Structure formats: C-alpha cells, structure tokens
$ cat data.txt   # compact mmCIF, C-alpha atoms
# COMPACT_ATOMS: atom_id res chain seq x y z
CA MET X 1 -0.41 19.72 -27.25
CA LYS X 2 0.27 23.34 -26.30
CA LYS X 3 -2.38 24.49 -28.74
CA ILE X 4 -4.99 22.21 -27.15
CA SER X 5 -4.17 23.55 -23.69
CA THR X 6 -4.54 27.15 -24.92
CA VAL X 7 -7.94 26.46 -26.47
CA ALA X 8 -9.09 24.75 -23.29
CA ALA X 9 -7.98 27.69 -21.17
CA LYS X 10 -9.84 30.21 -23.35
CA ALA X 11 -13.00 28.13 -23.47
CA THR X 12 -13.30 27.87 -19.71
CA LYS X 13 -13.62 31.63 -19.32
CA ASN X 14 -17.16 31.45 -20.75
CA PHE X 15 -18.48 29.08 -18.04
CA SER X 16 -20.95 30.74 -15.69
CA GLN X 17 -22.46 27.65 -13.97
CA PRO X 18 -21.42 27.41 -10.31
CA LYS X 19 -21.64 23.60 -10.20
CA LEU X 20 -19.37 21.84 -12.66
CA THR X 21 -18.40 18.16 -12.56
CA MET X 22 -15.40 16.73 -14.29
CA GLY X 23 -13.98 13.27 -14.98
CA LEU X 24 -10.23 12.95 -15.51
CA ASP X 25 -8.88 9.72 -17.00
CA LEU X 26 -5.16 9.64 -16.27
CA GLY X 27 -2.57 8.23 -18.63
CA ASP X 28 1.18 7.99 -18.40
CA ARG X 29 1.87 10.46 -21.22
CA SER X 30 -1.48 12.14 -21.75
CA SER X 31 -4.84 12.33 -20.00
CA TRP X 32 -8.40 13.07 -21.05
CA TYR X 33 -11.00 15.14 -19.19
CA CYS X 34 -14.74 15.57 -19.64
CA LEU X 35 -16.65 18.55 -18.18
CA LEU X 36 -20.37 18.36 -17.35
CA ASP X 37 -22.68 21.21 -16.42
CA GLU X 38 -25.48 21.22 -13.81
CA VAL X 39 -27.93 19.27 -16.01
CA GLY X 40 -25.36 16.67 -17.06
CA GLU X 41 -24.63 17.99 -20.55
CA VAL X 42 -21.09 17.62 -21.87
CA ARG X 43 -19.60 21.12 -22.04
CA GLN X 44 -16.08 20.23 -23.01
CA GLU X 45 -13.88 17.21 -23.71
CA GLN X 46 -10.17 17.66 -24.17
CA LYS X 47 -6.84 15.87 -24.11
CA LEU X 48 -3.85 17.26 -22.22
CA SER X 49 -0.35 16.25 -21.24
CA THR X 50 0.13 14.50 -17.89
CA THR X 51 2.53 17.11 -16.52
CA PRO X 52 2.24 19.67 -13.70
CA LYS X 53 2.57 22.55 -16.16
CA ALA X 54 -0.26 21.33 -18.40
CA MET X 55 -2.50 20.55 -15.42
CA ARG X 56 -2.01 24.01 -13.95
CA GLY X 57 -2.57 25.63 -17.33
CA VAL X 58 -5.96 23.94 -17.82
CA PHE X 59 -7.42 23.53 -14.33
CA GLY X 60 -5.85 26.65 -12.81
CA VAL X 61 -8.18 28.95 -14.78
CA MET X 62 -11.35 26.90 -14.30
CA PRO X 63 -13.96 27.78 -11.66
CA ARG X 64 -14.16 25.49 -8.65
CA SER X 65 -15.34 22.07 -9.84
CA ARG X 66 -15.79 18.54 -8.57
CA ILE X 67 -13.10 16.44 -10.27
CA ALA X 68 -13.08 12.64 -10.20
CA LEU X 69 -10.05 10.55 -11.12
CA GLU X 70 -9.00 6.94 -10.59
CA THR X 71 -6.20 5.64 -8.39
CA GLY X 72 -2.95 5.06 -10.24
CA THR X 73 0.69 6.02 -10.52
CA HIS X 74 -0.02 9.72 -11.10
CA SER X 75 -3.10 10.12 -8.91
CA PRO X 76 -1.26 11.14 -5.68
CA TRP X 77 0.51 14.20 -7.03
CA ILE X 78 -2.31 15.20 -9.39
CA SER X 79 -4.93 15.03 -6.61
CA ARG X 80 -2.74 17.23 -4.40
CA LEU X 81 -2.19 19.71 -7.24
CA LEU X 82 -5.90 19.97 -8.05
CA SER X 83 -6.74 20.47 -4.37
CA GLU X 84 -4.20 23.30 -4.20
CA LEU X 85 -5.97 24.92 -7.16
CA GLY X 86 -9.22 24.97 -5.13
CA HIS X 87 -11.10 22.05 -6.71
CA GLU X 88 -13.03 19.32 -4.90
CA VAL X 89 -11.11 16.15 -5.75
CA ILE X 90 -12.52 12.61 -5.56
CA VAL X 91 -10.04 9.76 -6.03
CA ALA X 92 -12.00 6.69 -7.13
CA HIS X 93 -10.97 3.16 -6.21
CA ALA X 94 -9.98 1.79 -9.63
CA ARG X 95 -10.73 -1.86 -8.78
CA LYS X 96 -14.27 -1.08 -7.69
CA VAL X 97 -15.44 1.09 -10.59
CA ARG X 98 -16.66 -1.82 -12.70
CA LEU X 99 -18.37 0.43 -15.25
CA ILE X 100 -14.86 1.38 -16.39
CA GLY X 101 -12.71 -1.64 -15.64
CA GLU X 102 -15.12 -4.17 -17.22
CA SER X 103 -16.48 -1.97 -19.99
CA ARG X 104 -16.65 -3.55 -23.47
CA LYS X 105 -16.08 -0.11 -25.02
CA LYS X 106 -13.03 1.02 -23.11
CA ASP X 107 -11.75 4.37 -24.28
CA ASP X 108 -10.03 7.25 -22.47
CA ARG X 109 -12.66 9.76 -23.53
CA LEU X 110 -15.55 7.50 -22.51
CA ASP X 111 -13.83 6.61 -19.22
CA ALA X 112 -13.51 10.30 -18.36
CA GLN X 113 -17.19 10.82 -19.15
CA THR X 114 -18.20 7.85 -16.98
CA LEU X 115 -16.17 9.20 -14.06
CA ALA X 116 -17.81 12.60 -14.44
CA ARG X 117 -21.35 11.16 -14.50
CA LEU X 118 -20.75 8.95 -11.46
CA ALA X 119 -19.27 11.88 -9.53
CA ARG X 120 -22.25 14.03 -10.48
CA ILE X 121 -24.83 11.46 -9.31
CA ASP X 122 -23.21 10.22 -6.09
CA PRO X 123 -19.49 10.32 -5.23
CA GLN X 124 -19.89 7.24 -2.99
CA LEU X 125 -20.41 5.15 -6.13
CA LEU X 126 -16.71 5.71 -6.82
CA CYS X 127 -15.64 4.21 -3.45
CA PRO X 128 -13.36 7.24 -2.84
CA VAL X 129 -9.95 6.77 -1.24
CA LYS X 130 -7.67 9.21 0.54
CA HIS X 131 -4.08 9.66 -0.62
CA ARG X 132 -1.34 10.27 1.92
CA SER X 133 0.48 13.60 2.18
CA ALA X 134 3.58 14.44 0.16
CA GLN X 135 5.85 14.13 3.21
CA ALA X 136 4.46 10.73 4.16
CA GLN X 137 4.84 9.56 0.58
CA ALA X 138 8.46 10.73 0.49
CA ASP X 139 9.28 8.93 3.76
CA LEU X 140 7.49 5.80 2.60
CA THR X 141 9.54 5.88 -0.60
CA VAL X 142 12.65 5.14 1.49
CA ILE X 143 11.00 1.95 2.78
CA ARG X 144 9.75 0.96 -0.68
CA ALA X 145 13.19 1.49 -2.19
CA ARG X 146 14.67 -0.81 0.45
CA ALA X 147 12.02 -3.42 -0.33
CA GLY X 148 12.99 -3.25 -4.01
CA LEU X 149 16.62 -3.96 -3.13
CA VAL X 150 15.60 -6.89 -0.92
CA ARG X 151 13.61 -8.41 -3.78
CA ALA X 152 16.53 -7.90 -6.16
CA ARG X 153 18.96 -9.52 -3.70
CA THR X 154 16.68 -12.52 -3.27
CA ALA X 155 16.49 -13.02 -7.03
CA LEU X 156 20.29 -12.76 -7.38
CA VAL X 157 20.92 -15.22 -4.53
CA ASN X 158 18.45 -17.72 -6.00
CA THR X 159 20.17 -17.40 -9.37
CA ALA X 160 23.62 -18.05 -7.90
CA ARG X 161 22.45 -21.08 -5.93
CA SER X 162 20.56 -22.64 -8.83
CA LEU X 163 23.53 -22.20 -11.16
CA ALA X 164 25.83 -23.90 -8.66
CA LYS X 165 23.38 -26.77 -8.11
CA SER X 166 22.97 -27.35 -11.84
CA TYR X 167 26.74 -27.82 -11.95
CA GLY X 168 26.57 -30.42 -9.19
CA GLN X 169 27.97 -28.13 -6.47
CA ARG X 170 26.64 -25.89 -3.68
CA LEU X 171 27.47 -22.46 -2.28
CA ARG X 172 28.63 -22.48 1.35
CA GLY X 173 26.40 -20.76 3.88
CA CYS X 174 22.71 -19.95 3.68
CA ASN X 175 22.57 -16.43 5.15
CA VAL X 176 21.83 -14.04 2.28
CA ARG X 177 23.12 -11.07 4.31
CA ASN X 178 26.67 -12.51 4.26
CA MET X 179 26.71 -13.70 0.66
CA ASN X 180 30.02 -12.62 -0.96
CA PRO X 181 32.70 -13.94 -3.38
CA GLU X 182 34.36 -15.89 -0.56
CA LYS X 183 31.38 -18.28 -0.55
CA ALA X 184 32.57 -19.59 -3.94
CA LYS X 185 36.01 -20.70 -2.75
CA GLY X 186 34.95 -24.33 -2.44
CA LEU X 187 33.64 -24.45 -6.00
CA SER X 188 35.48 -25.53 -9.12
CA PRO X 189 37.70 -22.85 -10.75
CA GLU X 190 35.48 -22.36 -13.79
CA LEU X 191 32.36 -21.97 -11.61
CA GLN X 192 34.18 -19.50 -9.34
CA ARG X 193 35.06 -17.30 -12.32
CA ALA X 194 31.45 -17.37 -13.49
CA LEU X 195 29.85 -16.55 -10.12
CA GLU X 196 32.33 -14.10 -8.56
CA PRO X 197 30.88 -10.98 -10.28
CA LEU X 198 27.35 -12.08 -9.33
CA LEU X 199 28.33 -12.65 -5.69
CA ALA X 200 30.14 -9.29 -5.59
CA CYS X 201 26.92 -7.65 -6.82
CA ILE X 202 24.96 -9.39 -4.04
CA GLU X 203 27.45 -8.13 -1.46
CA SER X 204 27.08 -4.57 -2.79
CA VAL X 205 23.26 -4.77 -2.64
CA SER X 206 23.44 -6.02 0.96
CA GLU X 207 25.58 -3.00 1.87
CA GLN X 208 22.97 -0.67 0.33
CA ILE X 209 20.23 -2.42 2.30
CA ARG X 210 22.19 -1.88 5.54
CA GLU X 211 22.45 1.83 4.71
CA TYR X 212 18.69 1.97 4.16
CA ASN X 213 18.17 0.25 7.53
CA GLU X 214 20.19 3.00 9.22
CA ARG X 215 18.21 5.71 7.42
CA ILE X 216 14.91 4.12 8.48
CA GLU X 217 16.05 3.95 12.11
CA LYS X 218 17.11 7.60 12.05
CA LEU X 219 13.88 8.65 10.35
CA ALA X 220 11.83 6.90 13.04
CA GLN X 221 13.82 8.48 15.87
CA ASP X 222 13.75 12.00 14.44
CA SER X 223 10.24 12.30 13.00
CA TYR X 224 7.98 9.52 14.28
CA PRO X 225 8.08 9.08 18.07
CA GLN X 226 4.92 6.91 17.86
CA VAL X 227 7.12 4.07 16.61
CA VAL X 228 8.17 3.43 20.21
CA LEU X 229 4.54 2.71 21.15
CA LEU X 230 4.18 0.07 18.44
CA LYS X 231 7.54 -1.56 19.14
CA GLN X 232 6.30 -2.57 22.59
CA ILE X 233 5.00 -5.72 20.91
CA LYS X 234 7.75 -8.32 20.56
CA GLY X 235 7.92 -9.20 16.89
CA VAL X 236 7.28 -5.63 15.70
CA GLY X 237 10.45 -3.80 14.74
CA THR X 238 11.12 -0.34 13.38
CA LEU X 239 10.39 -1.40 9.78
CA ILE X 240 6.92 -2.78 10.54
CA ALA X 241 6.02 0.05 12.93
CA LEU X 242 7.12 2.87 10.62
CA THR X 243 5.49 1.30 7.56
CA PHE X 244 2.26 0.97 9.54
CA LEU X 245 2.34 4.63 10.58
CA LEU X 246 3.16 5.97 7.12
CA THR X 247 0.65 3.78 5.28
CA LEU X 248 -2.28 4.68 7.54
CA GLU X 249 -0.91 8.20 8.28
CA ASP X 250 -4.04 9.37 10.17
CA PRO X 251 -5.20 6.99 12.92
CA HIS X 252 -8.52 8.83 13.31
CA ARG X 253 -9.64 8.02 9.77
CA PHE X 254 -10.98 4.74 11.23
CA ARG X 255 -14.05 4.74 13.46
CA LYS X 256 -12.71 1.76 15.42
CA SER X 257 -9.49 -0.23 15.45
CA ARG X 258 -11.15 -3.35 14.04
CA ASP X 259 -11.68 -1.53 10.73
CA VAL X 260 -7.91 -1.60 10.09
CA GLY X 261 -7.98 -5.35 9.36
CA CYS X 262 -10.55 -4.81 6.60
CA TYR X 263 -8.62 -1.83 5.22
CA LEU X 264 -5.48 -3.97 4.83
CA GLY X 265 -7.27 -6.86 3.15
CA LEU X 266 -6.86 -9.30 6.05
CA GLN X 267 -10.60 -9.87 6.42
CA PRO X 268 -12.32 -12.76 4.57
CA GLY X 269 -14.32 -11.69 1.55
CA ARG X 270 -18.12 -11.93 1.63
CA ARG X 271 -20.53 -13.08 -1.07
CA ASN X 272 -23.71 -13.83 0.86
CA SER X 273 -26.87 -14.21 -1.18
CA GLY X 274 -30.08 -15.69 0.20
CA GLN X 275 -29.20 -18.81 2.18
CA SER X 276 -25.75 -19.08 0.58
CA GLU X 277 -22.82 -17.95 2.76
CA PRO X 278 -19.68 -19.42 1.14
CA GLN X 279 -16.33 -19.42 2.96
CA MET X 280 -14.02 -17.08 1.06
CA HIS X 281 -10.35 -16.12 1.14
CA ILE X 282 -9.13 -12.79 2.51
CA SER X 283 -9.84 -9.86 0.21
CA LYS X 284 -6.15 -8.82 -0.13
CA GLU X 285 -7.17 -5.20 -0.63
CA GLY X 286 -5.13 -2.30 0.66
CA ASP X 287 -1.36 -2.05 0.77
CA PRO X 288 0.27 -5.41 -0.11
CA TYR X 289 3.68 -4.58 1.37
CA LEU X 290 2.30 -3.67 4.80
CA ARG X 291 0.16 -6.80 4.71
CA THR X 292 3.30 -8.85 4.01
CA LEU X 293 5.14 -7.25 6.93
CA LEU X 294 2.25 -7.93 9.30
CA VAL X 295 2.20 -11.57 8.23
CA GLN X 296 5.95 -11.78 8.89
CA GLY X 297 5.38 -10.28 12.34
CA ALA X 298 2.63 -12.84 13.01
CA GLN X 299 4.96 -15.67 11.95
CA HIS X 300 7.53 -14.48 14.48
CA ILE X 301 4.92 -14.20 17.25
CA LEU X 302 3.69 -17.76 16.62
CA GLY X 303 7.15 -19.15 15.89
CA PRO X 304 9.67 -20.79 18.23
CA PHE X 305 11.22 -17.45 19.21
CA GLY X 306 7.96 -15.67 20.00
CA VAL X 307 7.48 -14.55 23.62
CA ASP X 308 4.46 -15.58 25.67
CA CYS X 309 1.57 -13.14 25.23
CA ASP X 310 -2.19 -13.11 24.70
CA LEU X 311 -1.75 -12.82 20.94
CA ARG X 312 0.54 -15.85 20.78
CA ARG X 313 -1.74 -17.97 22.99
CA TRP X 314 -4.78 -17.04 20.91
CA GLY X 315 -3.01 -17.81 17.62
CA LEU X 316 -1.62 -21.17 18.76
CA LYS X 317 -5.02 -22.21 20.08
CA LEU X 318 -6.58 -21.30 16.74
CA ALA X 319 -3.92 -23.29 14.87
CA GLU X 320 -4.62 -26.42 16.94
CA ARG X 321 -8.28 -26.59 15.95
CA GLY X 322 -7.87 -25.43 12.39
CA GLY X 323 -7.30 -28.75 10.66
CA LYS X 324 -4.94 -29.21 7.73
CA SER X 325 -4.49 -25.52 6.93
CA GLY X 326 -4.91 -24.38 10.52
CA LYS X 327 -1.41 -22.92 10.86
CA LYS X 328 -1.80 -20.76 7.74
CA ARG X 329 -5.19 -19.48 8.85
CA ALA X 330 -3.86 -18.79 12.33
CA ILE X 331 -1.01 -16.69 10.90
CA ILE X 332 -3.41 -14.55 8.85
CA ALA X 333 -5.81 -14.18 11.78
CA THR X 334 -2.91 -13.21 14.07
CA ALA X 335 -1.72 -10.65 11.50
CA ARG X 336 -5.21 -9.14 11.49
CA LYS X 337 -5.29 -8.96 15.29
CA LEU X 338 -1.79 -7.50 15.26
CA ALA X 339 -2.94 -4.69 12.95
CA VAL X 340 -5.88 -3.95 15.27
CA LEU X 341 -3.60 -3.95 18.32
CA LEU X 342 -1.08 -1.62 16.67
CA HIS X 343 -3.80 0.87 15.82
CA HIS X 344 -5.19 0.73 19.36
CA LEU X 345 -1.77 1.43 20.87
CA TRP X 346 -1.25 4.27 18.40
CA VAL X 347 -4.55 5.96 19.26
CA SER X 348 -4.56 5.36 23.02
CA GLY X 349 -0.83 5.64 23.78
CA GLU X 350 -1.22 2.89 26.37
CA VAL X 351 1.56 0.77 27.82
CA TYR X 352 1.33 -2.68 26.26
CA GLU X 353 0.67 -5.57 28.65
CA PRO X 354 1.42 -8.88 26.88
CA LEU X 355 -0.76 -10.98 29.21
CA HIS X 356 -3.48 -8.45 30.04
CA ASN X 357 -6.42 -10.66 28.98
CA SER X 358 -4.99 -13.81 30.59
CA ARG X 359 -4.51 -12.08 33.93
CA ARG X 360 -7.99 -10.61 33.85
CA THR X 361 -9.46 -14.04 33.13
CA ALA X 362 -7.45 -15.60 35.96
CA ILE X 363 -8.60 -12.93 38.42
CA ALA X 364 -12.23 -13.41 37.38
CA ALA X 365 -11.92 -17.19 37.79
CA ALA X 366 -10.36 -16.82 41.24
CA ALA X 367 -13.16 -14.51 42.36
$ encode --input "data.txt" --output "structure tokens"
Amino acid sequence: MKKISTVAAKATKNFSQPKLTMGLDLGDRSSWYCLLDEVGEVRQEQKLSTTPKAMRGVFGVMPRSRIALETGTHSPWISRLLSELGHEVIVAHARKVRLIGESRKKDDRLDAQTLARLARIDPQLLCPVKHRSAQAQADLTVIRARAGLVRARTALVNTARSLAKSYGQRLRGCNVRNMNPEKAKGLSPELQRALEPLLACIESVSEQIREYNERIEKLAQDSYPQVVLLKQIKGVGTLIALTFLLTLEDPHRFRKSRDVGCYLGLQPGRRNSGQSEPQMHISKEGDPYLRTLLVQGAQHILGPFGVDCDLRRWGLKLAERGGKSGKKRAIIATARKLAVLLHHLWVSGEVYEPLHNSRRTAIAAAA
C-alpha cells in the first residue's frame, strides 16, 4: 500500500493541466480514485488506504482539483481534509446517484470513474450535500451516543419483561427510568436470580443516560444560546432544540423556512406524470433521528398535556377531518410545521406568541 502511494505521488508531479476532475470511491479499509484531464481522458487510477496519512500523501501533492465523493461514514472527515489541502470538494448524495447505486457492473474503480465524469459534466447531477463542521459533529456525537444508550435500554427492558411474562409473572412498575433489581422482588426466587443481573445493567444504563442529559444541558447553556429561542414552544426541550441546531448548523442555508420540512423528509413524495398525481408517503430523507424527535414533539403538542396554541389547534382540526389515519397524518403535518416554526424563530429571534394567528383572526373578524 505504501508503494502505491509513492508511485501516485511521483506521477502527479507531471500533471500540467489546470483543470483536473477526480472521483473518489470511499471504502472502510481502502478507497479508489480516478483522475480525468480537461478532455475527459483517464490520467490515473489508483487504490489507497482510507487513512488521513495516505490521503495527505496522495492528494497533498496534487494540483488543485475538483474531487467528488459519496456520502458515507468517512465522507465528513475526508471532505474536510481535502478542503484543507485546497481542493474543490463535492459530496454527492449517495441515494440519488442511481448510475452507481443501481449499476449492474458495480465496482470500486468504475464507481470512482462515474463520480469523476458526473462531476466534470455538471456537479448538480450529484445532488451535492454539505457536511457539518468538526465542532458541530463532535457536539452532535454526544446526543447520538445518548440515543444509542436509550435504544439499548429499551431493548433490555423489553427482554426482561418478555422473559417474566413467558414465566407467567410480571415485573412491577412500567417506568423504564426506575427499572432496577428491586422490581423483581415479587417474582419467584429462580426468576429473580435470572433477572437481577439484567435489571442491574438497566439501572446502570439509566444512570449513564442521566449523565448525558446533564452534559447536553451544560453544552446548550455554554455554547448554544439559540436553544432558549426554540424552547419557547411548549413541547420542545433542550434535546430537540439542540439537535435541531446542530443538524442544520447554518440557518441561512435555506432560502425560506418552509424548505426545512423538505430537508428533513417530512414532505410527501411526488411522482407526477401527465395526468397522474398519486398520493405518496413522506420522503423520509434527511436526518432520521431529528425527524423522530420532531414527531415526538408533535405528539406532545397534540396530546392531552399540550398547551393551547395555534399549532395545536391546527393539528387537532386536521386530525378531525382526516378519516381513519387522520391522527397519524396530523402528527406528521404538525412535526413539519414545528420544524418550520423552529427555523423561523432561529433566524428572526422573535418572541414566540402561541396564539398569534388566532388573535389576528379574531381582531380581523371584529373589525
């Protein structure tokens, strides 16, 4: 692998063309790149290790090039590294590059060549995305780590309950946050001995989750004062607000607030052709965890503990006329409106008025 990198470094010194285009197909252990010149001829194809050292060794000595790569596990740090080396980096949306994803001759070398040719013709064909900064990614990792523990705790609690039920007994209490070995006291001795280590593990995971909650609160207070603006909406806590800020990172990347719903996959898909306009499900593109949190916030707003506001009134009215699946559709639609409202508050810095639209309508009716 070192020998390949050395050959690649020496070969690049002979390039004199000012406009070079490159496709980089990323792999977990190794990656493949293809270099095209101005007329689209393949100048070099090479394999290299997917490590910072190998990337710097190959691309650090190359003249400024346009480099296209697909989204993936390694794309955030590699795109930042290549930008630091002075290259123009295009991160392609992997799900939308059908020439690669649905190719009948899928191969790393051919994928790299396809990326290079698409980037050379028109970068918009790659549906480019923008990765967040290293600091935002590090802060978001705290939230994602907490989410992993929550999923693990849910799986452990479900296991403990199902094991007890299969034995003809039940664990006392239904609050997963307080699940501990004491909940097994009412069970038979043999079942207690079997479940005590599992319940102790659940209690330990819950303690770790509480520590993460404290870290997230401190992070929001110290580094992200905009969280206070978003928490004006009842049903939006620190977790939802901070995840929203870190996932979008730059509020001005959207031309208008309504674009946020599409970005997060909360907008119905579209497949219109001729006179056919079928009703489709939401696209579910974008960040799935943030979409889940927004749906949870919408459920609280429309639930029995939600406070009276324009968003709640609109969602409940939509649920009433939605038919059999009206409540589900109303929750998704409320989550989309919630995302739009959060972005608007973030950009404008306004004070949130829960019944702003209702009061304006009442004043207009009275006049």
$ closest_residue --input "data.txt" --among "X:Arg80, X:Arg109, X:Arg258, X:Arg312" --to "Gln46 of chain X" --atoms "all atoms listed in the file"
X:Arg109
$ atom_distance --input "data.txt" --atom1 "atom CA of Tyr224 of chain X" --atom2 "atom CA of His300 of chain X"
24.0 Å
$ closest_atom_pairs --input "data.txt" --of "segment 70-173 of chain X" --to "segment 203-216 of chain X" --cutoff "8 Å" --atoms "all atoms listed in the file" --output "tab-separated table"
residue	atom	partner	partner_atom	distance
X:Val142	CA	X:Tyr212	CA	7.3
X:Ile143	CA	X:Ile216	CA	7.2
X:Arg146	CA	X:Ile209	CA	6.1
X:Leu149	CA	X:Ile209	CA	6.7
X:Val150	CA	X:Ile209	CA	7.2
X:Arg153	CA	X:Val205	CA	6.5
$ closest_residue --input "data.txt" --among "X:Tyr289, X:Cys262, X:Trp346, X:Ala184" --to "Val227 of chain X" --atoms "only C-alpha atoms"
X:Trp346
$ residues_around --input "data.txt" --residues "segment 185-200 of chain X" --least-positions-apart "6" --cutoff "10 Å" --atoms "all atoms listed in the file" --output "JSON, numbers by chain"
{"X": [156, 157, 159, 160, 161, 163, 164, 167, 168, 169, 170, 171, 172, 179, 206]}
$ write_last_selection --input "data.txt" --atoms "C-alpha atoms" --output "compact mmCIF listing (two decimals), keeping the file's coordinate frame"
# COMPACT_ATOMS: atom_id res chain seq x y z
CA LEU X 156 20.29 -12.76 -7.38
CA VAL X 157 20.92 -15.22 -4.53
CA THR X 159 20.17 -17.40 -9.37
CA ALA X 160 23.62 -18.05 -7.90
CA ARG X 161 22.45 -21.08 -5.93
CA LEU X 163 23.53 -22.20 -11.16
CA ALA X 164 25.83 -23.90 -8.66
CA TYR X 167 26.74 -27.82 -11.95
CA GLY X 168 26.57 -30.42 -9.19
CA GLN X 169 27.97 -28.13 -6.47
CA ARG X 170 26.64 -25.89 -3.68
CA LEU X 171 27.47 -22.46 -2.28
CA ARG X 172 28.63 -22.48 1.35
CA MET X 179 26.71 -13.70 0.66
CA SER X 206 23.44 -6.02 0.96
$ closest_residue --input "data.txt" --among "X:Ile100, X:Ala116, X:Lys284, X:Phe59" --to "Asp37 of chain X" --atoms "only C-alpha atoms"
X:Ala116
$ atom_distance --input "data.txt" --atom1 "atom CA of Leu126 of chain X" --atom2 "atom CA of Arg255 of chain X"
20.5 Å
$ closest_atom_pairs --input "data.txt" --of "segment 178-276 of chain X" --to "segment 304-310 of chain X" --cutoff "12 Å" --atoms "only C-alpha atoms" --output "JSON lines"
{"residue": "X:Gln232", "atom": "CA", "partner": "X:Cys309", "partner_atom": "CA", "distance": 11.9}
{"residue": "X:Ile233", "atom": "CA", "partner": "X:Cys309", "partner_atom": "CA", "distance": 9.2}
{"residue": "X:Lys234", "atom": "CA", "partner": "X:Val307", "partner_atom": "CA", "distance": 6.9}
{"residue": "X:Gly235", "atom": "CA", "partner": "X:Gly306", "partner_atom": "CA", "distance": 7.2}
{"residue": "X:Val236", "atom": "CA", "partner": "X:Gly306", "partner_atom": "CA", "distance": 10.9}
$ atom_distance --input "data.txt" --atom1 "atom CA of Arg66 of chain X" --atom2 "atom CA of Val260 of chain X"
28.6 Å
$ closest_residue --input "data.txt" --among "X:Tyr263, X:Val39, X:Gln296, X:Ala241" --to "Leu342 of chain X" --atoms "only C-alpha atoms"
X:Ala241
$ residues_around --input "data.txt" --residues "Pro52 of chain X" --least-positions-apart "4" --cutoff "10 Å" --atoms "all atoms listed in the file" --output "PyMOL selection string"
chain X and resi 56-57+77-78+81-82
$ write_last_selection --input "data.txt" --atoms "C-alpha atoms" --output "JSON list (two decimals), keeping the file's coordinate frame"
[["chain", "number", "residue", "atom", "x", "y", "z"],
["X", 56, "ARG", "CA", -2.01, 24.01, -13.95],
["X", 57, "GLY", "CA", -2.57, 25.63, -17.33],
["X", 77, "TRP", "CA", 0.51, 14.20, -7.03],
["X", 78, "ILE", "CA", -2.31, 15.20, -9.39],
["X", 81, "LEU", "CA", -2.19, 19.71, -7.24],
["X", 82, "LEU", "CA", -5.90, 19.97, -8.05]]
$ residues_near_point --input "data.txt" --point "(-0.9, 0.2, 15.7)" --cutoff "9 Å" --atoms "all atoms listed in the file" --output "list in words"
Val227, Leu229, Leu230, Ala241, Phe244, Leu245, Pro251, Ser257, Leu338, Ala339, Val340, Leu341, Leu342, His343, His344, Leu345, Trp346 and Val347 of chain X
$ residues_near_point --input "data.txt" --point "(-7.9, -16.2, 0.8)" --cutoff "10 Å" --atoms "all atoms listed in the file" --output "list in words"
Gly265, Leu266, Gln267, Pro268, Gly269, Gln279, Met280, His281, Ile282, Ser283, Lys284, Arg329 and Ile332 of chain X
$ axis_aligned_box --input "data.txt" --around "segment 322-334 of chain X" --padding-each-side "3 Å" --output "AutoDock Vina command-line options"
--center_x -4.4 --center_y -21.2 --center_z 10.5 --size_x 12.9 --size_y 22.0 --size_z 13.1
$ closest_residue --input "data.txt" --among "X:Leu85, X:Cys34, X:Ala319, X:Ala147" --to "Met55 of chain X" --atoms "only C-alpha atoms"
X:Leu85
$ residues_around --input "data.txt" --residues "Ala92 of chain X" --least-positions-apart "4" --cutoff "7 Å" --atoms "all atoms listed in the file" --output "PyMOL selection string"
chain X and resi 68-71+126-129
$ decode --input "data.txt" --residues "segment 304-318 of chain X" --atoms "N, CA and C atoms" --output "PDB file, in the first residue's frame"
ATOM      1  N   PRO X 304     -52.693  15.048  25.404  1.00  0.00           N
ATOM      2  CA  PRO X 304     -53.523  15.606  26.490  1.00  0.00           C
ATOM      3  C   PRO X 304     -52.812  16.660  27.329  1.00  0.00           C
ATOM      4  N   PHE X 305     -51.481  16.668  27.290  1.00  0.00           N
ATOM      5  CA  PHE X 305     -50.733  17.630  28.107  1.00  0.00           C
ATOM      6  C   PHE X 305     -50.245  18.832  27.299  1.00  0.00           C
ATOM      7  N   GLY X 306     -50.593  18.896  26.030  1.00  0.00           N
ATOM      8  CA  GLY X 306     -50.186  20.022  25.204  1.00  0.00           C
ATOM      9  C   GLY X 306     -50.959  21.287  25.555  1.00  0.00           C
ATOM     10  N   VAL X 307     -50.267  22.419  25.556  1.00  0.00           N
ATOM     11  CA  VAL X 307     -50.914  23.701  25.882  1.00  0.00           C
ATOM     12  C   VAL X 307     -51.608  24.243  24.642  1.00  0.00           C
ATOM     13  N   ASP X 308     -52.572  25.131  24.857  1.00  0.00           N
ATOM     14  CA  ASP X 308     -53.332  25.716  23.763  1.00  0.00           C
ATOM     15  C   ASP X 308     -52.436  26.656  22.959  1.00  0.00           C
ATOM     16  N   CYS X 309     -52.382  26.435  21.659  1.00  0.00           N
ATOM     17  CA  CYS X 309     -51.590  27.288  20.768  1.00  0.00           C
ATOM     18  C   CYS X 309     -52.108  27.102  19.346  1.00  0.00           C
ATOM     19  N   ASP X 310     -51.650  27.952  18.451  1.00  0.00           N
ATOM     20  CA  ASP X 310     -52.077  27.857  17.051  1.00  0.00           C
ATOM     21  C   ASP X 310     -51.712  26.501  16.452  1.00  0.00           C
ATOM     22  N   LEU X 311     -50.539  26.011  16.776  1.00  0.00           N
ATOM     23  CA  LEU X 311     -50.072  24.751  16.209  1.00  0.00           C
ATOM     24  C   LEU X 311     -50.953  23.592  16.671  1.00  0.00           C
ATOM     25  N   ARG X 312     -51.327  23.603  17.959  1.00  0.00           N
ATOM     26  CA  ARG X 312     -52.191  22.540  18.475  1.00  0.00           C
ATOM     27  C   ARG X 312     -53.589  22.615  17.849  1.00  0.00           C
ATOM     28  N   ARG X 313     -54.147  23.802  17.753  1.00  0.00           N
ATOM     29  CA  ARG X 313     -55.475  23.953  17.157  1.00  0.00           C
ATOM     30  C   ARG X 313     -55.478  23.488  15.703  1.00  0.00           C
ATOM     31  N   TRP X 314     -54.438  23.865  14.970  1.00  0.00           N
ATOM     32  CA  TRP X 314     -54.354  23.474  13.557  1.00  0.00           C
ATOM     33  C   TRP X 314     -54.240  21.961  13.428  1.00  0.00           C
ATOM     34  N   GLY X 315     -53.396  21.333  14.261  1.00  0.00           N
ATOM     35  CA  GLY X 315     -53.208  19.891  14.189  1.00  0.00           C
ATOM     36  C   GLY X 315     -54.451  19.109  14.570  1.00  0.00           C
ATOM     37  N   LEU X 316     -55.145  19.541  15.614  1.00  0.00           N
ATOM     38  CA  LEU X 316     -56.366  18.847  16.039  1.00  0.00           C
ATOM     39  C   LEU X 316     -57.466  18.985  14.988  1.00  0.00           C
ATOM     40  N   LYS X 317     -57.548  20.141  14.369  1.00  0.00           N
ATOM     41  CA  LYS X 317     -58.549  20.337  13.319  1.00  0.00           C
ATOM     42  C   LYS X 317     -58.244  19.437  12.122  1.00  0.00           C
ATOM     43  N   LEU X 318     -56.973  19.289  11.811  1.00  0.00           N
ATOM     44  CA  LEU X 318     -56.581  18.414  10.708  1.00  0.00           C
ATOM     45  C   LEU X 318     -56.884  16.958  11.038  1.00  0.00           C
TER      46      LEU X 318
END
